[in-house]
Every structure is written in structure tokens, then in C-alpha cells.
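Trainee: Can you read through this structure? Questions will come right after.
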Amino acid sequence: MWDYLQAVVLGIIQGLTEFLPISSSAHLRIYPEIFGWGDPGAAFTAVIQIGTELAVLIYFRHDIWRIATMWLKSLVKPEYRGHLDARMGWFIIIGSLPIVILGIVLKDVIESDFRSLWIIGTTLIVLGIVLGLADRFGRNDKELKEISLRDAVLMGGAQAMALIPGVSRSGATLSMGRILGYEREAATRYAFLLAIPAVVGAGLFELKEIPGGDNPYGWGPTIVATVVSFVVGYAAIAWLLRYVSTRSYTPFVLYRVALGAATLLLVATGVLAA
């Protein structure tokens with residue numbers, strides 16, 4: 001029963017943090033350590049993210065359907081290949097390749113060394129500062145329809161950095177999008193769409209680890225956490241997406257720096273085990 005209660009709390013944390021540029025994987029590593037529960041593991045983290053990504057699939061279902069159908073049409077009918085939705089389909093596929101390739105190549109490092117709280121605390125601070133600078137000095141004049149293959153590849157490469165907990169998938173993609181001059185809404189929308197193949201793919205890839213391996217909870221609590229993350233994520237996504245799309249990222253930058261500094265301090269003083 002205690003495992004299930006922990007799973008509910010972790011599902012809530014995942015649902016609340018996935019859509020913000022503050023790194024849900026960092027929160028799922030730091031807060032269980034603070035609560036004395038230990039590291040839930042990379043497999044558990046990856047699988048329960050499927051819940052929040054399902055919320056994204058439902059929320060963006062019309063966009064996804066439109067992009068998918070137009071992309072499929074463009075494969076057989078040349079006249080559709082210049083359409084934005086057809087190009088967006090290719091951009092999402094190509095932009096997902098860096099995180100897929102690196103995720104497979106670096107699997108062992110991701111599940112061990114990258115989960116060090118020293119690394120997570122540092123990345124929270126450094127990438128938080130990068131996010132703040134990108135938001136402050138980004139041109140903010142490009143719409144999503146202006147996205148190019150170069151920009152898609154660069155944002156995909158930025159997303160791949162999120163294999164390190166503490167970076168934040170949305171935070172890295174948003175930072176690159178702002179550096180490239182995209183409006184907050186455009187950068188946010190592309191970040192959400194780009195994350196779908198990566199998150200769902202990672203979760204399915206790690207399913208085999210759930211019965212044992214890199215997951216101390218097992219199937220029952222993992223399923224509970226996934227369902228809770230979906231419910232909380234779906235309830236919060238509209239507000240969170242609107243907020244991230246239109247407001248300054250400063251509150252998230254300050255929070256990241258504060259959480260990162262606190263994490264490093266707690267590890268340095270021996271309160272938390274790295």
C-alpha cells in the first residue's frame with residue numbers, strides 16, 4: 001500500500017512538472033530522495049511520462065491528425081509536399097532523431113551516471129540561466145509557419161540534451177526556439193509536438209524494465225503513477241500551455257536556480273545522497 005501512495009505522489013509531481021521548463025525527471029529524482037524514498041529509476045520515470053504525453057496527444061489531437069494525414073498524403077501526391085503540415089511531419093520526425101539515437105547509445109550512462117544529484121543540480125542552474133538569457137534576448141518575431149529544416153534540427157538537438165535529468169525537454173527546446181527568434185507560443189507548440197515521439201518511444205522502450213530491472217515499484221504502482229500523471233496533466237495542460245506560451249520564463253528560471261542550488265547544498269552537506 002505504501003508503494004501505491006508513493007506512486008500517487010510521484011504521478012502528481014510528473015503531471016504538474018512535465019509541461020513546464022523545470023525538468024520533470026529532475027523532480028522525480030530530487031523529491032523522492034528528500035522524502036526518503038530513494039531513486040525511482042530511469043525506467044519508472046520514462047514510463048509514467050507516457051501518462052502526461054497521452055494528455056498531450058488528446059489536447060493536440062486535431063493538430064496531430066491534420067499533420068499526420070497531410071504528411072501521409074505528401075508521400076504519394078507531390079502537390080502536398082510544400083504544405084506546412086506535411087513539412088511539419090518531416091520536421092518532427094527528423095527533429096526526434098537526435099534524442100532517439102543518443103538515448104539508445106547512452107542508455108547505460110543515462111540510467112546511472114546522469115542521475116547523480118550533482119549533475120542534476122548543476123544542469124538545473126546552468127540551463128535555467130540559458131533559458132532566462134534566451135527569453136530575454138530572443139527576437140520573438142518568427143511564427144511556427146516559418147520553421148525550417150535547420151531550425152527543426154537545432155531544436156531537436158536541444159531536446160536531446162534532456163536525456164540528462166535537470167535539463168528539461170521543454171526548457172531546452174524553448175531555449176533554442178527563443179534563440180532562433182520564435183515567438184513563445186510558436187516555440188512552445190513545436191516543443192510539445194516534438195516531444196511526443198521521444199517521450200512515447202522512451203516509455204515503450206523502458207517497459208521491459210518494469211517487472212524488475214531499473215524499477216523498484218513494479219507494474220502496479222507504475223500503472224497507478226502513469227494514470228495519475230495523465231489525469232493531473234490533462235487537468236493542468238490548458239492553463240500551463242497558455243501560461244508558458246505568453247508569459248516571461250523568469251519565474252521558472254528563478255525556481256530552477258533555487259532548486260538546483262538547494263540540491264547541491266543538501267548533497268554537499270550529506271543530507272541527500274548523490
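Residue numbering restarts at 1 for every chain of the C-alpha cells, chains are lettered A, B, ... in their displayed order, and ligands are numbered from 1 as they appear.
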For segment 197-212 of chain A, please output as a VMD selection string all residues within 9 Å (counting only C-alpha atoms; exclusion window: fewer than 6 positions along the same chain).
Mentor: chain A and resid 42 to 50 53 to 54 92 to 93 96 to 97 99 to 100 103 218 to 219 222
Trainee: What's the 12 Å shell around Tyr59 of chain A, counting only C-alpha atoms, without same-chain residues fewer than 2 positions away, as JSON, numbers by chain?
Mentor: {"A": [52, 53, 54, 55, 56, 57, 61, 62, 63, 64, 65, 189, 192, 193, 196, 230, 233, 234, 235, 236, 237, 238, 239, 241]}
Trainee: Could you write out that same residue set with N, CA and C atoms as a JSON list (two decimals), in the first residue's frame?
Mentor:
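Everything below was put into result08.json:
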[["chain", "number", "residue", "atom", "x", "y", "z"],
["A", 52, "THR", "N", 1.44, 11.66, -19.10],
["A", 52, "THR", "CA", 1.32, 13.08, -19.44],
["A", 52, "THR", "C", 1.37, 13.28, -20.95],
["A", 53, "GLU", "N", 2.10, 12.41, -21.65],
["A", 53, "GLU", "CA", 2.15, 12.56, -23.10],
["A", 53, "GLU", "C", 0.83, 12.15, -23.73],
["A", 54, "LEU", "N", 0.11, 11.24, -23.10],
["A", 54, "LEU", "CA", -1.23, 10.90, -23.57],
["A", 54, "LEU", "C", -2.14, 12.12, -23.46],
["A", 55, "ALA", "N", -1.95, 12.91, -22.39],
["A", 55, "ALA", "CA", -2.71, 14.16, -22.25],
["A", 55, "ALA", "C", -2.39, 15.11, -23.41],
["A", 56, "VAL", "N", -1.12, 15.15, -23.81],
["A", 56, "VAL", "CA", -0.72, 15.99, -24.94],
["A", 56, "VAL", "C", -1.37, 15.49, -26.22],
["A", 57, "LEU", "N", -1.38, 14.17, -26.42],
["A", 57, "LEU", "CA", -1.98, 13.59, -27.63],
["A", 57, "LEU", "C", -3.46, 13.96, -27.73],
["A", 61, "ARG", "N", -4.96, 16.63, -30.44],
["A", 61, "ARG", "CA", -5.42, 15.59, -31.35],
["A", 61, "ARG", "C", -5.75, 16.13, -32.74],
["A", 62, "HIS", "N", -6.33, 17.32, -32.82],
["A", 62, "HIS", "CA", -6.68, 17.87, -34.13],
["A", 62, "HIS", "C", -5.43, 18.25, -34.91],
["A", 63, "ASP", "N", -4.46, 18.87, -34.24],
["A", 63, "ASP", "CA", -3.20, 19.22, -34.89],
["A", 63, "ASP", "C", -2.47, 17.96, -35.36],
["A", 64, "ILE", "N", -2.43, 16.96, -34.49],
["A", 64, "ILE", "CA", -1.71, 15.72, -34.82],
["A", 64, "ILE", "C", -2.36, 15.01, -35.99],
["A", 65, "TRP", "N", -3.68, 14.95, -35.99],
["A", 65, "TRP", "CA", -4.40, 14.30, -37.08],
["A", 65, "TRP", "C", -4.16, 15.03, -38.40],
["A", 189, "ARG", "N", 4.48, 25.43, -28.82],
["A", 189, "ARG", "CA", 3.68, 24.47, -29.58],
["A", 189, "ARG", "C", 4.59, 23.44, -30.26],
["A", 192, "PHE", "N", 6.01, 20.94, -27.72],
["A", 192, "PHE", "CA", 5.05, 19.91, -27.31],
["A", 192, "PHE", "C", 4.92, 18.84, -28.39],
["A", 193, "LEU", "N", 4.82, 19.25, -29.64],
["A", 193, "LEU", "CA", 4.69, 18.28, -30.73],
["A", 193, "LEU", "C", 5.95, 17.45, -30.89],
["A", 196, "ILE", "N", 6.43, 14.37, -28.44],
["A", 196, "ILE", "CA", 5.56, 13.19, -28.48],
["A", 196, "ILE", "C", 6.31, 11.92, -28.88],
["A", 230, "PHE", "N", -1.48, 11.25, -15.99],
["A", 230, "PHE", "CA", -2.38, 11.62, -17.10],
["A", 230, "PHE", "C", -3.50, 12.53, -16.63],
["A", 233, "GLY", "N", -2.03, 15.88, -15.48],
["A", 233, "GLY", "CA", -1.51, 16.58, -16.64],
["A", 233, "GLY", "C", -2.60, 17.11, -17.53],
["A", 234, "TYR", "N", -3.63, 16.31, -17.77],
["A", 234, "TYR", "CA", -4.72, 16.75, -18.64],
["A", 234, "TYR", "C", -5.50, 17.91, -18.00],
["A", 235, "ALA", "N", -5.67, 17.85, -16.68],
["A", 235, "ALA", "CA", -6.38, 18.93, -15.99],
["A", 235, "ALA", "C", -5.60, 20.23, -16.03],
["A", 236, "ALA", "N", -4.27, 20.13, -16.08],
["A", 236, "ALA", "CA", -3.43, 21.32, -15.99],
["A", 236, "ALA", "C", -2.93, 21.84, -17.33],
["A", 237, "ILE", "N", -2.99, 21.03, -18.38],
["A", 237, "ILE", "CA", -2.26, 21.35, -19.61],
["A", 237, "ILE", "C", -2.73, 22.64, -20.27],
["A", 238, "ALA", "N", -4.03, 22.88, -20.31],
["A", 238, "ALA", "CA", -4.53, 24.08, -20.99],
["A", 238, "ALA", "C", -4.00, 25.34, -20.32],
["A", 239, "TRP", "N", -4.11, 25.40, -19.00],
["A", 239, "TRP", "CA", -3.62, 26.58, -18.28],
["A", 239, "TRP", "C", -2.11, 26.70, -18.39],
["A", 241, "LEU", "N", -0.06, 25.45, -20.65],
["A", 241, "LEU", "CA", 0.37, 25.76, -22.01],
["A", 241, "LEU", "C", 0.16, 27.25, -22.31]]
Trainee: In terms of the shortest atom-to-atom distance over only C-alpha atoms, which of A:Val224, A:Ile110, A:Pro165, A:Leu144 is closest to Gln6 of chain A?
Mentor: A:Val224
Trainee: As number ranges by chain, please: the residues near segment 32-35 of chain A (cut-off 12 Å, only C-alpha atoms, same-chain neighbours under 5 positions excluded).
Mentor: A: 3, 6-7, 9-11, 13-14, 25-27, 40-41, 45, 115-117, 262-263, 266-267, 270-274
Trainee: Which residue, A:Ile179, A:Val232, A:Ala86, A:Ala195, has the smallest gap to Leu131 of chain A when you use only C-alpha atoms?
Mentor: A:Ile179
Trainee: Measuring between only C-alpha atoms, which one of A:Ser170, A:Ser23, A:Asn140, A:Ser245 shows the shortest distance to Gly121 of chain A?
Mentor: A:Ser23
Trainee: Near Ser168 of chain A, within 12 Å and counting only C-alpha atoms, which residues show up once chain neighbours fewer than 3 positions away are dropped, as a VMD selection string?
Mentor: chain A and resid 17 to 27 120 123 to 128 130 to 131 158 to 165 171 to 175 191 195 252 to 253 256
Trainee: Which residues are near Tyr182 of chain A? Cut-off 12 Å, only C-alpha atoms, ignore same chain within fewer than 5 positions. Put them as a PyMOL selection string.
Mentor: chain A and resi 134-135+137-148+151-152+155+173-177+187-191+245
Trainee: Could you please take those selected residues and save C-alpha atoms as a PDB file, in the first residue's frame?
Mentor:
ATOM      1  CA  ALA A 134      17.318  33.134 -24.429  1.00  0.00           C
ATOM      2  CA  ASP A 135      13.958  34.503 -23.356  1.00  0.00           C
ATOM      3  CA  PHE A 137      17.379  38.432 -25.757  1.00  0.00           C
ATOM      4  CA  GLY A 138      15.427  36.304 -28.272  1.00  0.00           C
ATOM      5  CA  ARG A 139      13.973  38.302 -31.183  1.00  0.00           C
ATOM      6  CA  ASN A 140      10.423  36.980 -30.729  1.00  0.00           C
ATOM      7  CA  ASP A 141       9.380  37.662 -34.333  1.00  0.00           C
ATOM      8  CA  LYS A 142       9.077  34.252 -36.055  1.00  0.00           C
ATOM      9  CA  GLU A 143       5.865  32.234 -36.291  1.00  0.00           C
ATOM     10  CA  LEU A 144       5.626  28.459 -36.442  1.00  0.00           C
ATOM     11  CA  LYS A 145       4.819  28.552 -40.152  1.00  0.00           C
ATOM     12  CA  GLU A 146       8.326  29.953 -40.734  1.00  0.00           C
ATOM     13  CA  ILE A 147      10.075  26.911 -39.295  1.00  0.00           C
ATOM     14  CA  SER A 148      12.828  25.478 -41.489  1.00  0.00           C
ATOM     15  CA  ASP A 151      15.618  25.137 -37.088  1.00  0.00           C
ATOM     16  CA  ALA A 152      13.895  21.767 -36.642  1.00  0.00           C
ATOM     17  CA  MET A 155      15.599  22.319 -31.690  1.00  0.00           C
ATOM     18  CA  THR A 173      13.617  23.213 -26.881  1.00  0.00           C
ATOM     19  CA  LEU A 174      12.095  26.520 -25.793  1.00  0.00           C
ATOM     20  CA  SER A 175      15.557  27.990 -25.210  1.00  0.00           C
ATOM     21  CA  MET A 176      16.688  27.043 -28.704  1.00  0.00           C
ATOM     22  CA  GLY A 177      13.417  28.261 -30.183  1.00  0.00           C
ATOM     23  CA  ALA A 187       8.290  27.659 -29.677  1.00  0.00           C
ATOM     24  CA  THR A 188       6.001  26.117 -27.058  1.00  0.00           C
ATOM     25  CA  ARG A 189       3.679  24.470 -29.580  1.00  0.00           C
ATOM     26  CA  TYR A 190       6.586  22.940 -31.508  1.00  0.00           C
ATOM     27  CA  ALA A 191       8.225  21.790 -28.266  1.00  0.00           C
ATOM     28  CA  SER A 245       3.223  30.461 -24.247  1.00  0.00           C
TER      29      SER A 245
END
Trainee: Output as a count of residues only all residues of segment 42-248 of chain A that backbone DSSP marks as helix (DSSP H, G or I).
Mentor: 170
Trainee: In Å to one decimal, how far is atom CA of Arg136 of chain A from atom CA of Thr246 of chain A?
Mentor: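 Taking atom CA of Thr246 of chain A and atom CA of Arg136 of chain A, their separation equals 13.4 Å.
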Trainee: To one decimal place in Å, what is the distance between atom CA of Ser112 of chain A and atom CA of Asp39 of chain A?
Mentor: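 Going from atom CA of Ser112 of chain A over to atom CA of Asp39 of chain A covers 10.6 Å.
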Trainee: Quick one: distance from atom CA of Gly51 of chain A to atom CA of Val227 of chain A in Å, one decimal?
Mentor: 5.9 Å
